[in-house]
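Student: A single structure is presented below for examination.
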Amino acid sequence: MATSLPSQLSPFAAGARRALTAFVLTAVLALSLGGCGLLPEVQDETAGYTAERLYSLAHSALAEGNYTRAVKLFEALESRFPYGRYAQQAIMESAYANYRAGDTAASVAQADRFIRTYPNHPNVDYMYYLKGLVYFREDQGLIGYVYELDLSEREPKSMRESYAAFKELITKFPDSRYAGDAADRMRYLTNSLALYEVKVARYYYNRGAYIAAVNRAQVSLTTYPRTPANEDALDVLAQSYNKLELPQLRDDAQRVLKQNFPNSKYVIGEDRPWWKFW
């Protein structure tokens, strides 16, 4: 007589049920013991540290370049000792540590929180300066730090954020120790933003979209006047008007170019006649 399939598998099924039951009981027991505090807990080495000692440890981690550890220690310091000078210093240095760790959002958030909480702090100007630095370096990465990549190659949002932070610093704290460097960076950012518009204008020009090229060149000229990029913007403008068969506007652009950049390679003359206009 044939033996049924269920009776053949029953010993294996029973073993599986016993194993599952043992696993569940073990898990429940572990959870119960943990809830009662019977299992050993991971000890925090800094649990009994004073604010001064915890700050010293965090600051040392920052100085050693261990930015992730520094951030965690500064956060622990602020949560345990939320008032006083160590908490203030923790926010400032945590913002810098996040900046060096490449966490742009966290760095800006810390800087903004410090500015809101301690607007009259003697070092609040540094938080504005740090925000400018964060956006100034954003998206460049390690290569950008070493080779100083052309900022005009970047998407302009972070450049505008950087400019705004530096401008706010100079406006509110004109005598700040960081004002001079911020002003230099603002000039660099202004020309980079102008160059960005020029590169977009040339992109349109090279594809035969001459009206779009005119519009972007004019944005560079009107939004960022008196920058070196104006030379290129005027050239794109003149070339585009030439392609659009608007000689008067072309000549006006060339006249302004010659007045402001008399030695420009784009100025039409004997060495660059109209028939060579490109």
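Labels for the structure tokens follow display order: chains A, B, ..., residues from 1 in each chain, ligands from 1.
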With the cut-off set at 12 Å and counting only C-alpha atoms, tabulate each residue of range 94-137 of chain A with an atom at most that distance from an atom of range 174-189 of chain A, showing the nearest atom pair and its distance in Å to one decimal, ordered by chain and increasing number, as a Markdown table.
Tutor:
| residue | atom | partner | partner_atom | distance |
| --- | --- | --- | --- | --- |
| A:Pro122 | CA | A:Ser176 | CA | 10.2 |
| A:Asn123 | CA | A:Ser176 | CA | 9.4 |
| A:Val124 | CA | A:Ser176 | CA | 10.1 |
| A:Asp125 | CA | A:Ser176 | CA | 6.9 |
| A:Tyr126 | CA | A:Tyr178 | CA | 7.3 |
| A:Met127 | CA | A:Tyr178 | CA | 10.4 |
| A:Tyr128 | CA | A:Tyr178 | CA | 9.4 |
| A:Tyr129 | CA | A:Tyr178 | CA | 6.8 |
| A:Leu130 | CA | A:Tyr178 | CA | 9.7 |
| A:Lys131 | CA | A:Ala182 | CA | 10.9 |
| A:Gly132 | CA | A:Ala182 | CA | 8.0 |
| A:Leu133 | CA | A:Ala182 | CA | 8.9 |
| A:Tyr135 | CA | A:Leu189 | CA | 10.9 |
| A:Phe136 | CA | A:Leu189 | CA | 8.3 |
| A:Arg137 | CA | A:Arg185 | CA | 11.2 |
Student: Give the helix (DSSP H, G or I) residues of range 62-265 of chain A, as DSSP finds them on the backbone, and put them as a tab-separated table (two decimals) with N, CA and C atoms, in the first residue's frame.
Tutor:
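result-v1.tsv, freshly written:
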chain	number	residue	atom	x	y	z
A	62	LEU	N	38.98	67.66	15.48
A	62	LEU	CA	38.90	68.61	14.37
A	62	LEU	C	40.29	68.99	13.88
A	63	ALA	N	41.19	69.27	14.81
A	63	ALA	CA	42.55	69.65	14.45
A	63	ALA	C	43.29	68.51	13.74
A	67	TYR	N	37.02	64.73	10.88
A	67	TYR	CA	35.87	65.61	10.90
A	67	TYR	C	34.58	64.90	11.31
A	68	THR	N	34.43	63.64	10.92
A	68	THR	CA	33.22	62.91	11.30
A	68	THR	C	33.14	62.74	12.81
A	69	ARG	N	34.25	62.36	13.43
A	69	ARG	CA	34.27	62.21	14.89
A	69	ARG	C	34.06	63.57	15.57
A	70	ALA	N	34.67	64.59	15.02
A	70	ALA	CA	34.53	65.93	15.60
A	70	ALA	C	33.07	66.36	15.61
A	71	VAL	N	32.37	66.12	14.50
A	71	VAL	CA	30.96	66.50	14.42
A	71	VAL	C	30.15	65.78	15.48
A	72	LYS	N	30.37	64.48	15.63
A	72	LYS	CA	29.62	63.70	16.63
A	72	LYS	C	29.90	64.20	18.04
A	73	LEU	N	31.14	64.53	18.33
A	73	LEU	CA	31.49	65.01	19.66
A	73	LEU	C	30.92	66.40	19.92
A	74	PHE	N	30.93	67.25	18.92
A	74	PHE	CA	30.33	68.58	19.09
A	74	PHE	C	28.83	68.47	19.30
A	75	GLU	N	28.19	67.55	18.59
A	75	GLU	CA	26.76	67.34	18.78
A	75	GLU	C	26.46	66.83	20.19
A	76	ALA	N	27.30	65.91	20.69
A	76	ALA	CA	27.13	65.41	22.06
A	76	ALA	C	27.31	66.54	23.07
A	77	LEU	N	28.30	67.38	22.83
A	77	LEU	CA	28.56	68.51	23.72
A	77	LEU	C	27.37	69.45	23.78
A	78	GLU	N	26.81	69.76	22.63
A	78	GLU	CA	25.70	70.71	22.60
A	78	GLU	C	24.45	70.12	23.25
A	79	SER	N	24.22	68.82	23.05
A	79	SER	CA	23.02	68.20	23.63
A	79	SER	C	23.12	68.07	25.14
A	80	ARG	N	24.31	67.82	25.67
A	80	ARG	CA	24.48	67.67	27.12
A	80	ARG	C	24.63	69.00	27.84
A	85	ARG	N	29.29	79.06	26.75
A	85	ARG	CA	30.21	79.32	25.65
A	85	ARG	C	30.63	78.06	24.92
A	86	TYR	N	30.64	76.92	25.61
A	86	TYR	CA	31.04	75.69	24.93
A	86	TYR	C	29.98	75.26	23.91
A	87	ALA	N	28.71	75.49	24.22
A	87	ALA	CA	27.65	75.15	23.27
A	87	ALA	C	27.74	76.05	22.03
A	88	GLN	N	28.01	77.33	22.26
A	88	GLN	CA	28.16	78.25	21.14
A	88	GLN	C	29.34	77.84	20.25
A	89	GLN	N	30.45	77.53	20.91
A	89	GLN	CA	31.63	77.14	20.17
A	89	GLN	C	31.40	75.82	19.43
A	90	ALA	N	30.61	74.94	20.03
A	90	ALA	CA	30.32	73.65	19.40
A	90	ALA	C	29.58	73.83	18.08
A	91	ILE	N	28.62	74.77	18.04
A	91	ILE	CA	27.87	75.00	16.80
A	91	ILE	C	28.80	75.56	15.72
A	92	MET	N	29.63	76.52	16.11
A	92	MET	CA	30.54	77.13	15.14
A	92	MET	C	31.51	76.12	14.57
A	93	GLU	N	32.15	75.36	15.44
A	93	GLU	CA	33.17	74.42	14.98
A	93	GLU	C	32.55	73.21	14.28
A	94	SER	N	31.32	72.87	14.67
A	94	SER	CA	30.62	71.80	13.97
A	94	SER	C	30.30	72.22	12.54
A	95	ALA	N	29.94	73.50	12.36
A	95	ALA	CA	29.69	74.01	11.00
A	95	ALA	C	30.95	73.89	10.15
A	96	TYR	N	32.09	74.22	10.74
A	96	TYR	CA	33.35	74.13	10.00
A	96	TYR	C	33.71	72.67	9.73
A	97	ALA	N	33.51	71.80	10.72
A	97	ALA	CA	33.83	70.38	10.55
A	97	ALA	C	32.98	69.76	9.44
A	98	ASN	N	31.69	70.11	9.41
A	98	ASN	CA	30.83	69.61	8.34
A	98	ASN	C	31.28	70.13	6.98
A	99	TYR	N	31.71	71.38	6.95
A	99	TYR	CA	32.23	71.96	5.71
A	99	TYR	C	33.43	71.18	5.20
A	100	ARG	N	34.37	70.88	6.11
A	100	ARG	CA	35.56	70.14	5.70
A	100	ARG	C	35.23	68.69	5.37
A	101	ALA	N	34.18	68.17	5.96
A	101	ALA	CA	33.77	66.79	5.66
A	101	ALA	C	32.98	66.70	4.36
A	104	THR	N	27.69	69.90	2.82
A	104	THR	CA	27.30	71.29	2.59
A	104	THR	C	26.04	71.67	3.35
A	105	ALA	N	25.01	70.84	3.24
A	105	ALA	CA	23.72	71.16	3.86
A	105	ALA	C	23.85	71.31	5.37
A	106	ALA	N	24.58	70.38	6.00
A	106	ALA	CA	24.73	70.43	7.46
A	106	ALA	C	25.54	71.66	7.88
A	107	SER	N	26.56	71.98	7.12
A	107	SER	CA	27.38	73.14	7.45
A	107	SER	C	26.58	74.43	7.38
A	108	VAL	N	25.81	74.60	6.31
A	108	VAL	CA	25.00	75.81	6.15
A	108	VAL	C	23.91	75.87	7.22
A	109	ALA	N	23.32	74.72	7.53
A	109	ALA	CA	22.27	74.67	8.56
A	109	ALA	C	22.82	75.10	9.92
A	110	GLN	N	24.01	74.64	10.26
A	110	GLN	CA	24.63	75.02	11.53
A	110	GLN	C	24.96	76.52	11.54
A	111	ALA	N	25.49	77.00	10.44
A	111	ALA	CA	25.83	78.43	10.36
A	111	ALA	C	24.58	79.29	10.49
A	112	ASP	N	23.52	78.91	9.79
A	112	ASP	CA	22.27	79.68	9.87
A	112	ASP	C	21.69	79.63	11.28
A	113	ARG	N	21.77	78.49	11.93
A	113	ARG	CA	21.25	78.37	13.29
A	113	ARG	C	22.03	79.25	14.26
A	114	PHE	N	23.34	79.29	14.07
A	114	PHE	CA	24.16	80.15	14.93
A	114	PHE	C	23.80	81.62	14.72
A	115	ILE	N	23.63	82.00	13.45
A	115	ILE	CA	23.29	83.39	13.13
A	115	ILE	C	21.95	83.78	13.76
A	116	ARG	N	20.97	82.87	13.69
A	116	ARG	CA	19.66	83.16	14.29
A	116	ARG	C	19.72	83.21	15.81
A	117	THR	N	20.49	82.31	16.41
A	117	THR	CA	20.51	82.18	17.86
A	117	THR	C	21.40	83.21	18.53
A	124	VAL	N	30.08	86.16	14.95
A	124	VAL	CA	29.01	85.77	14.03
A	124	VAL	C	29.38	86.09	12.59
A	125	ASP	N	30.28	87.07	12.39
A	125	ASP	CA	30.70	87.39	11.02
A	125	ASP	C	31.37	86.19	10.35
A	126	TYR	N	32.02	85.36	11.14
A	126	TYR	CA	32.68	84.18	10.57
A	126	TYR	C	31.65	83.21	10.00
A	127	MET	N	30.46	83.14	10.59
A	127	MET	CA	29.43	82.24	10.08
A	127	MET	C	28.95	82.68	8.70
A	128	TYR	N	28.84	83.99	8.48
A	128	TYR	CA	28.50	84.47	7.14
A	128	TYR	C	29.62	84.13	6.15
A	129	TYR	N	30.83	84.32	6.59
A	129	TYR	CA	31.99	84.04	5.75
A	129	TYR	C	32.06	82.55	5.41
A	130	LEU	N	31.80	81.70	6.40
A	130	LEU	CA	31.84	80.25	6.17
A	130	LEU	C	30.77	79.83	5.16
A	131	LYS	N	29.58	80.41	5.26
A	131	LYS	CA	28.53	80.10	4.28
A	131	LYS	C	29.01	80.43	2.87
A	132	GLY	N	29.65	81.57	2.72
A	132	GLY	CA	30.18	81.93	1.41
A	132	GLY	C	31.20	80.93	0.92
A	133	LEU	N	32.06	80.48	1.81
A	133	LEU	CA	33.08	79.50	1.43
A	133	LEU	C	32.46	78.17	1.02
A	134	VAL	N	31.44	77.74	1.77
A	134	VAL	CA	30.79	76.46	1.47
A	134	VAL	C	30.24	76.47	0.06
A	135	TYR	N	29.52	77.51	-0.31
A	135	TYR	CA	28.94	77.58	-1.65
A	135	TYR	C	30.01	77.86	-2.71
A	136	PHE	N	31.04	78.58	-2.33
A	136	PHE	CA	32.12	78.90	-3.27
A	136	PHE	C	32.82	77.63	-3.74
A	137	ARG	N	33.02	76.68	-2.83
A	137	ARG	CA	33.73	75.44	-3.14
A	137	ARG	C	32.83	74.31	-3.57
A	141	GLY	N	34.96	69.61	-5.60
A	141	GLY	CA	35.61	68.38	-5.18
A	141	GLY	C	37.10	68.55	-4.97
A	142	LEU	N	37.81	67.44	-4.81
A	142	LEU	CA	39.23	67.46	-4.51
A	142	LEU	C	40.04	68.12	-5.63
A	143	ILE	N	39.71	67.84	-6.87
A	143	ILE	CA	40.46	68.43	-7.99
A	143	ILE	C	40.34	69.94	-7.97
A	144	GLY	N	39.14	70.42	-7.64
A	144	GLY	CA	38.94	71.86	-7.59
A	144	GLY	C	39.79	72.51	-6.53
A	145	TYR	N	39.97	71.87	-5.39
A	145	TYR	CA	40.81	72.43	-4.34
A	145	TYR	C	42.26	72.56	-4.81
A	146	VAL	N	42.72	71.61	-5.60
A	146	VAL	CA	44.12	71.59	-6.00
A	146	VAL	C	44.36	72.50	-7.19
A	147	TYR	N	43.48	72.43	-8.17
A	147	TYR	CA	43.73	73.12	-9.43
A	147	TYR	C	42.89	74.37	-9.65
A	151	LEU	N	35.23	78.52	-12.14
A	151	LEU	CA	33.90	78.51	-11.57
A	151	LEU	C	32.81	78.75	-12.62
A	152	SER	N	33.17	79.38	-13.73
A	152	SER	CA	32.17	79.65	-14.75
A	152	SER	C	31.68	78.38	-15.43
A	153	GLU	N	32.36	77.24	-15.20
A	153	GLU	CA	31.93	75.97	-15.76
A	153	GLU	C	30.82	75.35	-14.92
A	156	PRO	N	25.18	77.95	-11.96
A	156	PRO	CA	25.39	79.20	-11.23
A	156	PRO	C	24.69	79.31	-9.89
A	157	LYS	N	23.81	78.40	-9.49
A	157	LYS	CA	23.05	78.56	-8.25
A	157	LYS	C	23.97	78.70	-7.04
A	158	SER	N	24.94	77.82	-6.91
A	158	SER	CA	25.83	77.88	-5.75
A	158	SER	C	26.70	79.13	-5.78
A	159	MET	N	27.06	79.60	-6.99
A	159	MET	CA	27.84	80.83	-7.09
A	159	MET	C	27.03	82.02	-6.59
A	160	ARG	N	25.74	82.05	-6.93
A	160	ARG	CA	24.89	83.14	-6.46
A	160	ARG	C	24.70	83.08	-4.95
A	161	GLU	N	24.57	81.88	-4.41
A	161	GLU	CA	24.45	81.72	-2.95
A	161	GLU	C	25.72	82.21	-2.26
A	162	SER	N	26.85	81.88	-2.83
A	162	SER	CA	28.13	82.31	-2.26
A	162	SER	C	28.23	83.83	-2.29
A	163	TYR	N	27.89	84.41	-3.42
A	163	TYR	CA	27.95	85.88	-3.56
A	163	TYR	C	27.04	86.55	-2.53
A	164	ALA	N	25.83	86.02	-2.35
A	164	ALA	CA	24.87	86.60	-1.42
A	164	ALA	C	25.40	86.55	0.02
A	165	ALA	N	26.04	85.44	0.39
A	165	ALA	CA	26.57	85.31	1.75
A	165	ALA	C	27.71	86.30	1.98
A	166	PHE	N	28.61	86.41	1.01
A	166	PHE	CA	29.72	87.35	1.15
A	166	PHE	C	29.21	88.80	1.17
A	167	LYS	N	28.21	89.08	0.36
A	167	LYS	CA	27.65	90.44	0.33
A	167	LYS	C	27.02	90.79	1.66
A	168	GLU	N	26.30	89.84	2.26
A	168	GLU	CA	25.68	90.09	3.56
A	168	GLU	C	26.73	90.33	4.64
A	169	LEU	N	27.82	89.58	4.56
A	169	LEU	CA	28.93	89.77	5.50
A	169	LEU	C	29.48	91.19	5.40
A	170	ILE	N	29.78	91.63	4.18
A	170	ILE	CA	30.38	92.95	3.99
A	170	ILE	C	29.41	94.06	4.37
A	171	THR	N	28.12	93.85	4.07
A	171	THR	CA	27.12	94.87	4.40
A	171	THR	C	26.95	95.03	5.90
A	172	LYS	N	26.88	93.90	6.62
A	172	LYS	CA	26.64	93.96	8.06
A	172	LYS	C	27.91	94.19	8.87
A	179	ALA	N	36.25	90.58	5.62
A	179	ALA	CA	35.62	91.40	4.58
A	179	ALA	C	36.49	91.53	3.34
A	180	GLY	N	37.80	91.70	3.53
A	180	GLY	CA	38.68	91.85	2.38
A	180	GLY	C	38.68	90.64	1.48
A	181	ASP	N	38.82	89.46	2.08
A	181	ASP	CA	38.82	88.23	1.28
A	181	ASP	C	37.46	88.02	0.64
A	182	ALA	N	36.40	88.34	1.37
A	182	ALA	CA	35.05	88.19	0.82
A	182	ALA	C	34.86	89.08	-0.40
A	183	ALA	N	35.38	90.31	-0.35
A	183	ALA	CA	35.26	91.23	-1.49
A	183	ALA	C	36.00	90.69	-2.70
A	184	ASP	N	37.19	90.13	-2.47
A	184	ASP	CA	37.94	89.54	-3.58
A	184	ASP	C	37.18	88.39	-4.22
A	185	ARG	N	36.59	87.55	-3.38
A	185	ARG	CA	35.83	86.42	-3.90
A	185	ARG	C	34.57	86.89	-4.63
A	186	MET	N	33.97	87.96	-4.16
A	186	MET	CA	32.79	88.49	-4.84
A	186	MET	C	33.13	88.97	-6.25
A	187	ARG	N	34.27	89.63	-6.39
A	187	ARG	CA	34.69	90.07	-7.72
A	187	ARG	C	34.92	88.87	-8.64
A	188	TYR	N	35.54	87.85	-8.10
A	188	TYR	CA	35.78	86.64	-8.88
A	188	TYR	C	34.47	85.98	-9.27
A	189	LEU	N	33.54	85.92	-8.32
A	189	LEU	CA	32.24	85.31	-8.58
A	189	LEU	C	31.45	86.10	-9.61
A	190	THR	N	31.53	87.44	-9.52
A	190	THR	CA	30.80	88.28	-10.47
A	190	THR	C	31.27	88.00	-11.89
A	191	ASN	N	32.58	87.95	-12.10
A	191	ASN	CA	33.08	87.67	-13.44
A	191	ASN	C	32.77	86.24	-13.87
A	192	SER	N	32.79	85.31	-12.94
A	192	SER	CA	32.46	83.92	-13.27
A	192	SER	C	31.00	83.81	-13.70
A	193	LEU	N	30.11	84.52	-13.01
A	193	LEU	CA	28.70	84.50	-13.40
A	193	LEU	C	28.51	85.15	-14.77
A	194	ALA	N	29.26	86.23	-15.02
A	194	ALA	CA	29.19	86.87	-16.33
A	194	ALA	C	29.70	85.94	-17.42
A	195	LEU	N	30.80	85.25	-17.14
A	195	LEU	CA	31.35	84.30	-18.12
A	195	LEU	C	30.38	83.16	-18.39
A	196	TYR	N	29.66	82.75	-17.36
A	196	TYR	CA	28.67	81.69	-17.55
A	196	TYR	C	27.63	82.12	-18.59
A	197	GLU	N	27.16	83.37	-18.46
A	197	GLU	CA	26.18	83.87	-19.42
A	197	GLU	C	26.78	83.96	-20.82
A	198	VAL	N	28.05	84.36	-20.91
A	198	VAL	CA	28.72	84.47	-22.21
A	198	VAL	C	28.84	83.09	-22.86
A	199	LYS	N	29.20	82.09	-22.06
A	199	LYS	CA	29.35	80.74	-22.61
A	199	LYS	C	28.01	80.20	-23.12
A	200	VAL	N	26.94	80.52	-22.40
A	200	VAL	CA	25.61	80.13	-22.89
A	200	VAL	C	25.30	80.87	-24.19
A	201	ALA	N	25.66	82.16	-24.24
A	201	ALA	CA	25.42	82.94	-25.45
A	201	ALA	C	26.19	82.37	-26.64
A	202	ARG	N	27.44	82.00	-26.43
A	202	ARG	CA	28.23	81.40	-27.52
A	202	ARG	C	27.65	80.05	-27.93
A	203	TYR	N	27.14	79.31	-26.97
A	203	TYR	CA	26.50	78.02	-27.28
A	203	TYR	C	25.35	78.24	-28.26
A	204	TYR	N	24.51	79.24	-27.97
A	204	TYR	CA	23.40	79.55	-28.88
A	204	TYR	C	23.91	80.04	-30.23
A	205	TYR	N	24.93	80.89	-30.19
A	205	TYR	CA	25.47	81.44	-31.45
A	205	TYR	C	25.99	80.31	-32.35
A	206	ASN	N	26.74	79.39	-31.78
A	206	ASN	CA	27.33	78.30	-32.56
A	206	ASN	C	26.27	77.37	-33.15
A	210	TYR	N	20.66	82.99	-33.03
A	210	TYR	CA	21.30	84.29	-32.85
A	210	TYR	C	20.50	85.22	-31.93
A	211	ILE	N	19.20	85.15	-31.97
A	211	ILE	CA	18.40	85.99	-31.07
A	211	ILE	C	18.62	85.57	-29.62
A	212	ALA	N	18.66	84.27	-29.38
A	212	ALA	CA	18.93	83.77	-28.02
A	212	ALA	C	20.34	84.18	-27.58
A	213	ALA	N	21.28	84.16	-28.50
A	213	ALA	CA	22.65	84.57	-28.18
A	213	ALA	C	22.69	86.04	-27.79
A	214	VAL	N	21.94	86.87	-28.52
A	214	VAL	CA	21.87	88.30	-28.19
A	214	VAL	C	21.30	88.50	-26.78
A	215	ASN	N	20.24	87.78	-26.48
A	215	ASN	CA	19.59	87.92	-25.17
A	215	ASN	C	20.53	87.56	-24.03
A	216	ARG	N	21.25	86.45	-24.17
A	216	ARG	CA	22.16	86.04	-23.09
A	216	ARG	C	23.36	86.95	-22.98
A	217	ALA	N	23.85	87.45	-24.10
A	217	ALA	CA	24.97	88.40	-24.05
A	217	ALA	C	24.54	89.68	-23.35
A	218	GLN	N	23.33	90.13	-23.60
A	218	GLN	CA	22.82	91.33	-22.94
A	218	GLN	C	22.62	91.12	-21.44
A	219	VAL	N	22.25	89.91	-21.05
A	219	VAL	CA	22.14	89.61	-19.62
A	219	VAL	C	23.48	89.80	-18.93
A	220	SER	N	24.53	89.31	-19.57
A	220	SER	CA	25.88	89.46	-19.01
A	220	SER	C	26.26	90.93	-18.88
A	221	LEU	N	25.94	91.72	-19.91
A	221	LEU	CA	26.32	93.12	-19.92
A	221	LEU	C	25.54	93.96	-18.92
A	222	THR	N	24.25	93.70	-18.78
A	222	THR	CA	23.41	94.52	-17.91
A	222	THR	C	23.47	94.08	-16.45
A	223	THR	N	23.60	92.76	-16.22
A	223	THR	CA	23.60	92.25	-14.85
A	223	THR	C	24.98	92.35	-14.20
A	229	ALA	N	34.50	89.93	-18.45
A	229	ALA	CA	33.68	89.11	-19.36
A	229	ALA	C	32.89	89.95	-20.34
A	230	ASN	N	32.75	91.26	-20.06
A	230	ASN	CA	32.02	92.13	-20.99
A	230	ASN	C	32.67	92.16	-22.37
A	231	GLU	N	33.97	91.98	-22.43
A	231	GLU	CA	34.66	91.95	-23.72
A	231	GLU	C	34.11	90.84	-24.59
A	232	ASP	N	33.99	89.65	-24.03
A	232	ASP	CA	33.46	88.52	-24.79
A	232	ASP	C	31.98	88.69	-25.08
A	233	ALA	N	31.24	89.27	-24.13
A	233	ALA	CA	29.81	89.47	-24.33
A	233	ALA	C	29.55	90.42	-25.50
A	234	LEU	N	30.34	91.49	-25.58
A	234	LEU	CA	30.18	92.45	-26.69
A	234	LEU	C	30.53	91.82	-28.02
A	235	ASP	N	31.52	90.94	-28.02
A	235	ASP	CA	31.89	90.26	-29.26
A	235	ASP	C	30.76	89.35	-29.73
A	236	VAL	N	30.17	88.58	-28.80
A	236	VAL	CA	29.04	87.72	-29.18
A	236	VAL	C	27.88	88.57	-29.69
A	237	LEU	N	27.66	89.70	-29.04
A	237	LEU	CA	26.58	90.59	-29.44
A	237	LEU	C	26.80	91.10	-30.88
A	238	ALA	N	28.02	91.56	-31.17
A	238	ALA	CA	28.32	92.07	-32.50
A	238	ALA	C	28.21	90.98	-33.55
A	239	GLN	N	28.74	89.80	-33.26
A	239	GLN	CA	28.66	88.69	-34.21
A	239	GLN	C	27.22	88.29	-34.49
A	240	SER	N	26.41	88.25	-33.43
A	240	SER	CA	25.02	87.84	-33.60
A	240	SER	C	24.25	88.85	-34.43
A	241	TYR	N	24.47	90.15	-34.16
A	241	TYR	CA	23.80	91.18	-34.95
A	241	TYR	C	24.24	91.10	-36.41
A	242	ASN	N	25.51	90.76	-36.62
A	242	ASN	CA	26.00	90.60	-37.99
A	242	ASN	C	25.27	89.47	-38.71
A	243	LYS	N	25.08	88.36	-38.02
A	243	LYS	CA	24.37	87.22	-38.61
A	243	LYS	C	22.90	87.55	-38.85
A	247	PRO	N	23.20	95.75	-39.28
A	247	PRO	CA	24.51	96.41	-39.28
A	247	PRO	C	24.64	97.56	-38.27
A	248	GLN	N	23.56	98.32	-38.07
A	248	GLN	CA	23.67	99.44	-37.14
A	248	GLN	C	23.91	98.95	-35.72
A	249	LEU	N	23.15	97.95	-35.29
A	249	LEU	CA	23.35	97.38	-33.95
A	249	LEU	C	24.71	96.70	-33.84
A	250	ARG	N	25.13	96.05	-34.92
A	250	ARG	CA	26.46	95.44	-34.95
A	250	ARG	C	27.53	96.50	-34.74
A	251	ASP	N	27.44	97.60	-35.45
A	251	ASP	CA	28.43	98.66	-35.34
A	251	ASP	C	28.41	99.31	-33.96
A	252	ASP	N	27.21	99.44	-33.38
A	252	ASP	CA	27.11	100.00	-32.03
A	252	ASP	C	27.84	99.11	-31.02
A	253	ALA	N	27.64	97.80	-31.16
A	253	ALA	CA	28.32	96.87	-30.25
A	253	ALA	C	29.83	96.94	-30.43
A	254	GLN	N	30.28	97.05	-31.68
A	254	GLN	CA	31.70	97.16	-31.94
A	254	GLN	C	32.28	98.47	-31.39
A	255	ARG	N	31.49	99.55	-31.49
A	255	ARG	CA	31.95	100.84	-30.98
A	255	ARG	C	32.14	100.80	-29.47
A	256	VAL	N	31.16	100.20	-28.77
A	256	VAL	CA	31.27	100.08	-27.31
A	256	VAL	C	32.44	99.17	-26.95
A	257	LEU	N	32.63	98.10	-27.71
A	257	LEU	CA	33.75	97.20	-27.48
A	257	LEU	C	35.08	97.93	-27.61
A	258	LYS	N	35.21	98.74	-28.66
A	258	LYS	CA	36.47	99.45	-28.91
A	258	LYS	C	36.73	100.51	-27.84
A	259	GLN	N	35.65	101.15	-27.36
A	259	GLN	CA	35.81	102.17	-26.33
A	259	GLN	C	36.28	101.57	-25.00
A	260	ASN	N	35.74	100.43	-24.66
A	260	ASN	CA	36.03	99.83	-23.36
A	260	ASN	C	37.21	98.86	-23.39
Student: Hey, can you check how far CA of Leu244 in chain A sits from CA of Ser264 in chain A?
Tutor: 22.9 Å
Student: CA of Pro228 in chain A to CA of Glu245 in chain A: how many Å, to one decimal?
Tutor: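 Distance between the two atoms: 27.0 Å.
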Student: Mind pulling up the distance from CA of Thr46 in chain A to CA of Phe81 in chain A?
Tutor: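 Interatomic distance here is 12.9 Å.
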